[in-house]
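Source file: run37.cif; contents: mmCIF, C-alpha atoms.
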data_structure
#
loop_
_atom_site.label_atom_id
_atom_site.label_comp_id
_atom_site.auth_asym_id
_atom_site.auth_seq_id
_atom_site.Cartn_x
_atom_site.Cartn_y
_atom_site.Cartn_z
CA MET A 1 -43.41 167.45 -59.75
CA LYS A 2 -46.73 167.08 -61.55
CA ILE A 3 -45.15 165.49 -64.59
CA LEU A 4 -43.65 162.71 -62.47
CA ARG A 5 -47.12 161.50 -61.46
CA TYR A 6 -48.05 160.84 -65.07
CA LEU A 7 -44.76 159.08 -65.65
CA ILE A 8 -45.35 156.77 -62.68
CA ILE A 9 -48.96 156.00 -63.68
CA GLY A 10 -47.70 155.25 -67.21
CA ILE A 11 -45.00 152.92 -65.86
CA ILE A 12 -47.57 151.03 -63.75
CA PHE A 13 -49.88 150.75 -66.76
CA GLY A 14 -47.01 149.59 -68.98
CA ILE A 15 -45.84 146.90 -66.55
CA THR A 16 -49.42 145.69 -66.05
CA LEU A 17 -50.20 145.32 -69.77
CA ALA A 18 -46.85 143.60 -70.33
CA LYS A 19 -47.24 141.21 -67.39
CA ALA A 20 -50.84 140.31 -68.27
CA GLU A 21 -49.67 139.58 -71.85
CA ILE A 22 -52.14 142.10 -73.28
CA ILE A 23 -49.36 143.45 -75.52
CA SER A 24 -48.95 140.05 -77.20
CA TRP A 25 -50.13 139.64 -80.78
CA TYR A 26 -51.09 136.08 -79.78
CA ARG A 27 -53.50 137.27 -77.08
CA ILE A 28 -55.32 139.53 -79.53
CA TYR A 29 -55.61 136.72 -82.09
CA GLU A 30 -56.88 134.39 -79.35
CA MET A 31 -59.43 137.02 -78.27
CA PHE A 32 -60.82 137.43 -81.78
CA LYS A 33 -61.09 133.62 -82.02
CA PHE A 34 -62.95 133.48 -78.66
CA GLN A 35 -60.51 130.82 -77.47
CA SER A 36 -59.78 132.25 -74.04
CA PHE A 37 -61.57 134.30 -71.42
CA HIS A 38 -58.38 136.24 -70.60
CA MET A 39 -58.86 139.44 -72.67
CA TYR A 40 -62.60 139.53 -71.98
CA GLY A 41 -61.83 139.21 -68.28
CA VAL A 42 -59.33 142.08 -68.46
CA ILE A 43 -61.60 144.47 -70.37
CA GLY A 44 -64.76 143.30 -68.58
CA SER A 45 -63.39 143.71 -65.05
CA ALA A 46 -61.82 147.07 -65.98
CA VAL A 47 -65.17 148.32 -67.27
CA VAL A 48 -67.21 147.01 -64.30
CA LEU A 49 -64.88 148.69 -61.82
CA GLY A 50 -64.62 151.72 -64.14
CA ILE A 51 -68.42 152.15 -64.03
CA VAL A 52 -68.26 152.17 -60.21
CA PHE A 53 -65.50 154.83 -60.28
CA VAL A 54 -67.29 157.06 -62.80
CA GLN A 55 -70.55 156.79 -60.86
CA MET A 56 -68.64 157.78 -57.71
CA VAL A 57 -67.20 160.80 -59.49
CA LYS A 58 -70.65 161.86 -60.69
CA ARG A 59 -72.78 161.08 -57.60
CA PHE A 60 -70.37 162.61 -55.10
CA LYS A 61 -69.36 165.41 -57.50
CA LEU A 62 -65.70 164.61 -56.80
CA LYS A 63 -63.10 167.27 -57.40
CA SER A 64 -59.71 166.66 -58.91
CA ILE A 65 -56.67 167.06 -56.66
CA ASP A 66 -56.25 170.69 -57.72
CA GLY A 67 -59.81 171.39 -56.57
CA LYS A 68 -61.56 171.64 -59.94
CA PRO A 69 -64.77 169.70 -60.66
CA ILE A 70 -64.03 166.56 -62.69
CA GLN A 71 -65.43 166.92 -66.17
CA ILE A 72 -66.42 163.86 -68.18
CA TYR A 73 -67.72 165.14 -71.48
CA PRO A 74 -70.39 163.11 -73.26
CA LYS A 75 -69.23 162.08 -76.74
CA GLN A 76 -70.88 163.69 -79.74
CA LYS A 77 -73.94 161.66 -80.81
CA SER A 78 -73.46 160.00 -84.17
CA ILE A 79 -73.23 156.56 -85.70
CA PRO A 80 -71.06 156.67 -88.86
CA ARG A 81 -67.86 157.98 -87.34
CA TYR A 82 -67.85 155.46 -84.49
CA LEU A 83 -68.92 152.54 -86.65
CA PHE A 84 -66.66 153.21 -89.67
CA GLY A 85 -63.77 154.50 -87.58
CA GLY A 86 -64.16 151.55 -85.22
CA ILE A 87 -64.18 149.02 -88.07
CA ILE A 88 -61.04 150.56 -89.64
CA PHE A 89 -59.33 150.51 -86.24
CA GLY A 90 -60.39 146.88 -85.72
CA LEU A 91 -58.87 145.82 -89.04
CA GLY A 92 -55.54 147.27 -87.98
CA TRP A 93 -55.81 145.93 -84.43
CA ALA A 94 -56.20 142.33 -85.60
CA MET A 95 -53.28 142.68 -88.04
CA THR A 96 -50.73 144.29 -85.75
CA GLY A 97 -52.11 142.81 -82.51
CA ALA A 98 -51.32 146.14 -80.88
CA CYS A 99 -53.55 149.09 -80.11
CA PRO A 100 -51.87 152.45 -79.35
CA GLY A 101 -50.99 151.75 -75.67
CA PRO A 102 -49.33 148.37 -76.35
CA MET A 103 -47.42 149.92 -79.28
CA PHE A 104 -45.43 152.05 -76.84
CA ILE A 105 -45.09 149.20 -74.32
CA LEU A 106 -43.79 146.83 -77.02
CA LEU A 107 -41.17 149.40 -77.92
CA GLY A 108 -39.97 149.22 -74.30
CA ASN A 109 -39.95 145.44 -74.61
CA GLY A 110 -37.34 145.78 -77.33
CA VAL A 111 -39.55 144.92 -80.32
CA SER A 112 -37.81 147.53 -82.47
CA VAL A 113 -39.84 147.03 -85.66
CA ILE A 114 -42.80 148.46 -83.74
CA LEU A 115 -41.29 151.86 -84.66
CA VAL A 116 -42.51 151.22 -88.20
CA ILE A 117 -46.04 150.50 -86.92
CA ILE A 118 -45.97 153.71 -84.85
CA ALA A 119 -44.73 155.71 -87.87
CA ALA A 120 -47.48 154.15 -90.03
CA ALA A 121 -50.06 155.00 -87.33
CA LEU A 122 -48.85 158.62 -87.32
CA LEU A 123 -49.23 158.69 -91.10
CA GLY A 124 -52.74 157.24 -90.71
CA THR A 125 -53.68 159.90 -88.16
CA TYR A 126 -52.24 162.59 -90.44
CA THR A 127 -54.19 161.25 -93.43
CA TYR A 128 -57.38 161.33 -91.36
CA GLY A 129 -56.66 164.96 -90.52
CA LEU A 130 -56.37 165.77 -94.22
CA LEU A 131 -59.51 163.88 -95.27
CA ARG A 132 -61.59 164.70 -92.22
CA ASN A 133 -63.92 167.20 -93.90
CA LYS A 134 -64.75 164.74 -96.67
CA LEU A 135 -65.68 161.83 -94.39
CA PRO A 136 -69.16 161.16 -92.92
CA HIS A 137 -69.16 161.89 -89.20
CA MET B 1 -37.61 141.18 -51.74
CA ASN B 2 -36.60 138.37 -54.09
CA GLU B 3 -39.79 136.54 -53.21
CA VAL B 4 -41.82 139.61 -54.13
CA ILE B 5 -40.04 139.88 -57.47
CA ASN B 6 -40.52 136.17 -58.17
CA PHE B 7 -44.19 136.52 -57.32
CA ILE B 8 -44.83 139.45 -59.67
CA SER B 9 -42.67 137.86 -62.37
CA GLN B 10 -45.38 135.27 -63.03
CA PRO B 11 -47.93 136.17 -65.70
CA TRP B 12 -50.64 138.33 -64.15
CA PRO B 13 -54.22 137.05 -64.30
CA TRP B 14 -57.06 139.10 -65.80
CA TYR B 15 -58.55 139.87 -62.38
CA VAL B 16 -55.38 141.76 -61.48
CA ALA B 17 -54.86 143.55 -64.81
CA GLY B 18 -58.48 144.69 -65.29
CA PRO B 19 -58.79 146.43 -61.90
CA VAL B 20 -55.33 148.07 -62.32
CA ILE B 21 -56.50 149.50 -65.67
CA ALA B 22 -59.64 150.89 -63.98
CA VAL B 23 -57.52 152.43 -61.20
CA VAL B 24 -55.24 154.04 -63.82
CA MET B 25 -58.30 155.57 -65.53
CA PHE B 26 -59.62 156.80 -62.16
CA SER B 27 -56.23 158.24 -61.16
CA LEU B 28 -56.06 160.24 -64.39
CA LEU B 29 -59.60 161.54 -63.76
CA MET B 30 -58.57 162.58 -60.24
CA LEU B 31 -55.63 164.44 -61.75
CA GLY B 32 -58.10 166.28 -63.99
CA ASN B 33 -57.42 164.41 -67.25
CA ASN B 34 -59.18 161.86 -69.42
CA PHE B 35 -57.64 158.47 -70.18
CA GLY B 36 -57.10 158.01 -73.93
CA ILE B 37 -53.78 157.02 -75.43
CA SER B 38 -54.38 157.55 -79.16
CA ALA B 39 -54.67 161.32 -78.65
CA ASN B 40 -50.86 161.20 -78.48
CA LEU B 41 -50.70 160.32 -82.18
CA ARG B 42 -52.47 163.58 -83.00
CA SER B 43 -50.17 165.51 -80.65
CA LEU B 44 -47.08 163.97 -82.24
CA CYS B 45 -48.32 164.95 -85.73
CA SER B 46 -48.85 168.46 -84.44
CA ILE B 47 -45.40 168.62 -82.83
CA MET B 48 -43.88 167.57 -86.18
CA GLY B 49 -45.51 170.58 -87.80
CA ALA B 50 -48.71 169.16 -89.33
CA GLY B 51 -50.65 172.13 -87.96
CA LYS B 52 -49.08 174.46 -90.52
CA HIS B 53 -51.17 173.16 -93.40
CA CYS B 54 -53.96 171.20 -91.69
CA GLU B 55 -56.27 172.84 -89.15
CA PHE B 56 -57.02 169.50 -87.42
CA PHE B 57 -53.46 169.56 -86.09
CA ASP B 58 -53.46 173.26 -85.31
CA PHE B 59 -54.34 172.95 -81.63
CA ASN B 60 -52.61 173.51 -78.33
CA TRP B 61 -50.76 170.20 -77.97
CA ARG B 62 -49.00 171.58 -74.90
CA ALA B 63 -52.20 170.87 -72.95
CA GLN B 64 -51.59 167.21 -73.87
CA VAL B 65 -48.02 167.02 -72.61
CA TRP B 66 -49.20 165.02 -69.58
CA ASN B 67 -50.42 162.34 -72.02
CA LEU B 68 -47.08 162.23 -73.85
CA ILE B 69 -45.35 161.80 -70.49
CA PHE B 70 -47.80 158.97 -69.74
CA ALA B 71 -46.79 157.37 -73.07
CA LEU B 72 -43.14 157.74 -72.13
CA GLY B 73 -44.05 155.91 -68.91
CA LEU B 74 -45.50 153.09 -71.05
CA ILE B 75 -42.16 152.65 -72.83
CA ILE B 76 -40.28 152.63 -69.50
CA GLY B 77 -42.85 150.24 -67.97
CA GLY B 78 -42.38 147.87 -70.92
CA LEU B 79 -38.61 148.08 -70.49
CA ILE B 80 -38.83 147.34 -66.73
CA ALA B 81 -41.22 144.41 -67.27
CA HIS B 82 -39.01 143.02 -70.02
CA THR B 83 -35.70 143.46 -68.19
CA TYR B 84 -36.55 142.60 -64.60
CA LEU B 85 -39.94 140.93 -64.35
CA THR B 86 -40.24 138.50 -67.24
CA PRO B 87 -38.06 135.39 -66.81
CA SER B 88 -39.96 133.44 -69.48
CA THR B 89 -40.83 134.76 -72.94
CA GLU B 90 -43.76 132.36 -73.26
CA VAL B 91 -47.31 133.61 -73.70
CA ASN B 92 -49.89 131.31 -72.14
CA ILE B 93 -52.32 131.08 -75.05
CA SER B 94 -54.78 128.22 -75.33
CA GLN B 95 -53.94 124.92 -77.02
CA GLU B 96 -56.64 125.60 -79.63
CA THR B 97 -55.00 128.90 -80.57
CA ILE B 98 -51.60 127.22 -80.84
CA SER B 99 -52.88 124.55 -83.21
CA ASP B 100 -54.86 127.07 -85.31
CA LEU B 101 -51.73 129.18 -85.75
CA GLN B 102 -49.55 126.16 -86.55
CA GLN B 103 -51.94 125.39 -89.38
CA LEU B 104 -51.39 128.93 -90.65
CA GLY B 105 -47.65 128.34 -90.69
CA ILE B 106 -46.65 130.27 -87.55
CA GLU B 107 -43.66 128.59 -85.93
CA ASN B 108 -43.86 127.83 -82.19
CA PRO B 109 -46.93 129.99 -81.47
CA GLY B 110 -46.76 131.55 -78.00
CA SER B 111 -43.03 130.94 -77.52
CA SER B 112 -42.37 134.69 -77.65
CA LEU B 113 -44.32 137.91 -77.16
CA VAL B 114 -44.99 138.40 -80.88
CA PRO B 115 -44.53 136.08 -83.89
CA GLN B 116 -40.84 136.61 -84.58
CA ASN B 117 -40.99 135.94 -88.30
CA LEU B 118 -43.56 138.69 -88.73
CA PHE B 119 -42.26 141.28 -86.28
CA SER B 120 -38.82 141.66 -87.80
CA TRP B 121 -37.22 144.25 -90.08
CA GLU B 122 -36.71 141.59 -92.78
CA SER B 123 -40.42 140.81 -92.76
CA LEU B 124 -41.22 144.39 -93.94
CA ALA B 125 -39.94 143.40 -97.38
CA THR B 126 -42.49 140.57 -97.64
CA VAL B 127 -46.10 141.03 -98.74
CA LYS B 128 -47.61 139.75 -95.49
CA GLY B 129 -45.14 141.61 -93.30
CA PHE B 130 -45.74 144.90 -95.11
CA ILE B 131 -49.52 144.55 -95.03
CA MET B 132 -49.70 143.47 -91.40
CA LEU B 133 -47.25 146.01 -89.97
CA VAL B 134 -47.40 149.04 -92.27
CA ILE B 135 -50.98 148.89 -93.56
CA GLY B 136 -52.12 147.61 -90.15
CA GLY B 137 -50.44 150.50 -88.36
CA PHE B 138 -51.88 153.00 -90.83
CA LEU B 139 -55.42 151.66 -90.31
CA ILE B 140 -55.01 151.94 -86.53
CA GLY B 141 -53.90 155.57 -86.76
CA PHE B 142 -56.62 156.49 -89.25
CA GLY B 143 -59.41 154.52 -87.55
CA THR B 144 -58.71 155.64 -84.02
CA ARG B 145 -58.86 159.33 -84.90
CA TYR B 146 -61.94 158.84 -87.11
CA ALA B 147 -63.67 157.00 -84.24
CA GLY B 148 -62.37 159.57 -81.74
CA GLY B 149 -60.60 157.05 -79.54
CA CYS B 150 -58.98 153.63 -79.24
CA THR B 151 -59.28 150.79 -76.77
CA SER B 152 -58.47 153.06 -73.82
CA GLY B 153 -60.66 156.00 -74.83
CA HIS B 154 -63.68 154.00 -75.96
CA ALA B 155 -63.56 150.45 -74.54
CA ILE B 156 -62.38 151.55 -71.08
CA SER B 157 -63.18 155.26 -70.52
CA GLY B 158 -66.27 155.44 -72.74
CA LEU B 159 -67.90 152.18 -71.66
CA SER B 160 -67.19 153.01 -68.02
CA ASP B 161 -69.24 156.17 -68.57
CA LEU B 162 -71.96 154.10 -70.34
CA GLN B 163 -71.54 156.10 -73.54
CA LEU B 164 -73.47 154.72 -76.51
CA PRO B 165 -70.95 156.14 -79.05
CA SER B 166 -68.23 154.10 -77.35
CA LEU B 167 -70.31 150.94 -77.53
CA ILE B 168 -70.79 151.54 -81.26
CA ALA B 169 -67.03 152.04 -81.63
CA VAL B 170 -66.25 148.83 -79.71
CA ILE B 171 -68.72 146.91 -81.88
CA GLY B 172 -66.85 148.37 -84.87
CA PHE B 173 -63.50 147.22 -83.39
CA PHE B 174 -64.90 143.69 -83.31
CA ILE B 175 -66.45 143.79 -86.79
CA GLY B 176 -63.06 144.83 -88.20
CA GLY B 177 -61.07 142.49 -85.99
CA LEU B 178 -63.22 139.43 -86.69
CA PHE B 179 -63.15 140.15 -90.42
CA VAL B 180 -59.35 140.19 -90.45
CA THR B 181 -58.97 137.22 -88.09
CA TYR B 182 -61.37 134.90 -89.92
CA LEU B 183 -61.19 136.09 -93.53
CA VAL B 184 -57.88 137.87 -94.09
CA LEU B 185 -55.26 136.22 -91.88
CA PRO B 186 -55.90 132.66 -93.16
CA PHE B 187 -54.87 133.88 -96.64
CA LEU B 188 -52.29 136.45 -95.65
CA LEU B 189 -50.35 134.20 -93.27
CA THR B 190 -50.15 131.38 -95.78
CA VAL B 191 -49.07 133.52 -98.77
#
Any chance you could put this one into structure tokens?
Amino acid sequence: MKILRYLIIGIIFGITLAKAEIISWYRIYEMFKFQSFHMYGVIGSAVVLGIVFVQMVKRFKLKSIDGKPIQIYPKQKSIPRYLFGGIIFGLGWAMTGACPGPMFILLGNGVSVILVIIAAALLGTYTYGLLRNKLPH
Amino acid sequence: MNEVINFISQPWPWYVAGPVIAVVMFSLLMLGNNFGISANLRSLCSIMGAGKHCEFFDFNWRAQVWNLIFALGLIIGGLIAHTYLTPSTEVNISQETISDLQQLGIENPGSSLVPQNLFSWESLATVKGFIMLVIGGFLIGFGTRYAGGCTSGHAISGLSDLQLPSLIAVIGFFIGGLFVTYLVLPFLLTV
């Protein structure tokens, strides 16, 4: 069952972010106030190890388990979309204290009002889709 | 077995969580996919029929079903952590953060996962609750698609691949986040 693999990886990720308190609004506030190393340690160590993994994939031309070459596509070169989009995302991140992954994990933690945040995020994504051609990218 | 459960029921330090996140990203690569959670928001819009009148949502979301299953796993993981692995609701934030938040009128900062006065259905009817949850959620959904990724897609996957666009996005996350934390929340929380 291929689907089961993704479910299990998701469960591991969900437990990890819950147990390391990354899904807590307080941890995000604390991060933006530079009052603890915790979040920087999480993201920093993930990226350092992530760089090693990606380099392994590229240097050894690793294949995925179904035998296809692993493709990591370079992102389109631009500044405005990443800067403006990033800033807008950051505004929301500091308000809700939850980026998209933690939103789902918080729902599992029984924070039911998170459904409203998810619905608002869907509306935001939809609005972007409508305005996309009018925005600088 | 009980000892194992007691051991993992303590809060996990950063040097456990960070490497697990990297392993999750690597596992998804090895399965032939790219780690990025916010793509699910686009898929969900598409599933609800947004593709009928907006070409951005007219794509084959079925190729993203694996990611929706991953998101379902996140909900189940949160449920397992909450039900079986979290004996204390406290969040171990620093003393400085606690006193800063007390000054902003948050009661017992860190005593639960999220500030309970804000993350409640009643709070949606207040100005600060509406702005922080509804406007905040909207900005996340809009911003993440505009930037082409969220914390997982840019801060983890993109930075791991040393992508300049992802660094720009992460700098943007912090510009927005610092603006809200230092200039908006002090007013909003004390309204």
Output of the PyMOL selection byres ((chain B and resi 158-173) around 10), listed as a PyMOL selection string: (chain A and resi 44+46-55+58+72-94) or (chain B and resi 22+25+35-36+143-144+147-157+174-179)
Answer key for the PyMOL selection byres ((chain B and resi 81-85) around 9), residues as number ranges by chain: A: 14-16, 18-19, 108-110; B: 5-6, 8-10, 76-80, 86-87, 89
Given the PyMOL selection byres ((chain B and resi 16) around 12), the residues it picks as JSON, numbers by chain: {"A": [13, 15, 16, 17, 19, 20, 38, 39, 41, 42, 43, 44, 45, 46, 49], "B": [8, 11, 12, 13, 14, 15, 17, 18, 19, 20, 21, 22, 23]}
Using all atoms listed in the file, which residues sit within 12 Å of segment 62-67 of chain A once same-chain residues fewer than 6 positions away are excluded, as a compact mmCIF listing (two decimals) with C-alpha atoms, in the coordinates of the input?
# COMPACT_ATOMS: atom_id res chain seq x y z
CA LYS A 2 -46.73 167.08 -61.55
CA PHE A 53 -65.50 154.83 -60.28
CA VAL A 54 -67.29 157.06 -62.80
CA GLN A 55 -70.55 156.79 -60.86
CA MET A 56 -68.64 157.78 -57.71
CA PHE B 26 -59.62 156.80 -62.16
CA SER B 27 -56.23 158.24 -61.16
CA LEU B 28 -56.06 160.24 -64.39
CA LEU B 29 -59.60 161.54 -63.76
CA MET B 30 -58.57 162.58 -60.24
CA LEU B 31 -55.63 164.44 -61.75
CA GLY B 32 -58.10 166.28 -63.99
CA ASN B 33 -57.42 164.41 -67.25
CA ASN B 34 -59.18 161.86 -69.42
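Residues lying within 8 Å of Ser46 of chain B, counting all atoms listed in the file and ignoring same-chain neighbours fewer than 3 positions away, are Arg42, Ser43, Gly49, Ala50, Gly51, Phe57, Asp58, Phe59 and Trp61 of chain B.
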Provide an axis-aligned box for all listed atoms of segment 148-167 of chain B, padding each side by 6 Å; report its centre and its edge lengths in Å to one decimal, as AutoDock Vina command-line options.
--center_x -66.0 --center_y 155.0 --center_z -74.9 --size_x 27.0 --size_y 21.1 --size_z 25.7
Computed interatomic separation between atom CA of Leu74 of chain B and atom CA of Ile131 of chain B (Å):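 Atom CA of Ile131 of chain B lies at a distance of 25.8 Å from atom CA of Leu74 of chain B.
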Shortest interatomic distance to Gly136 of chain B - which of B:Val114, B:Ser123, B:Val180, B:Gly105, counting only C-alpha atoms: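 Once distances to Gly136 of chain B are computed over only C-alpha atoms, the minimum belongs to B:Val180.
Here atom CA of Tyr26 of chain A and atom CA of Ala98 of chain A stand 10.1 Å from one another.
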Residues near Pro186 of chain B, cut-off 10 Å, only C-alpha atoms, skip fewer than 2 positions along chain, as a count of residues only: 14
Selected residue, from B:Phe70, B:Leu124, B:Ile98, B:Asn92, that lies nearest to chain A when counting all atoms listed in the file: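 Using all atoms listed in the file, chain A sits closest to B:Phe70.
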Atomic separation - atom CA of Met103 of chain A relative to atom CA of Met31 of chain A, Å: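 Distance between the two atoms: 17.7 Å.
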Shortest interatomic distance to Ile9 of chain A - which of B:Ala63, B:Ile69, B:Ser38, B:Asn2, counting only C-alpha atoms: B:Ile69
Within 7 Å of Thr125 of chain A using all atoms listed in the file, minus same-chain residues under 3 positions, as a PDB file with C-alpha atoms, in the frame of the given file:
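Saved the output as around.pdb:
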ATOM      1  CA  ALA A 121     -50.060 155.000 -87.330  1.00  0.00           C
ATOM      2  CA  LEU A 122     -48.850 158.620 -87.320  1.00  0.00           C
ATOM      3  CA  TYR A 128     -57.380 161.330 -91.360  1.00  0.00           C
ATOM      4  CA  GLY A 129     -56.660 164.960 -90.520  1.00  0.00           C
TER       5      GLY A 129
ATOM      6  CA  LEU B  41     -50.700 160.320 -82.180  1.00  0.00           C
ATOM      7  CA  ARG B  42     -52.470 163.580 -83.000  1.00  0.00           C
ATOM      8  CA  GLY B 141     -53.900 155.570 -86.760  1.00  0.00           C
ATOM      9  CA  PHE B 142     -56.620 156.490 -89.250  1.00  0.00           C
ATOM     10  CA  ARG B 145     -58.860 159.330 -84.900  1.00  0.00           C
TER      11      ARG B 145
END
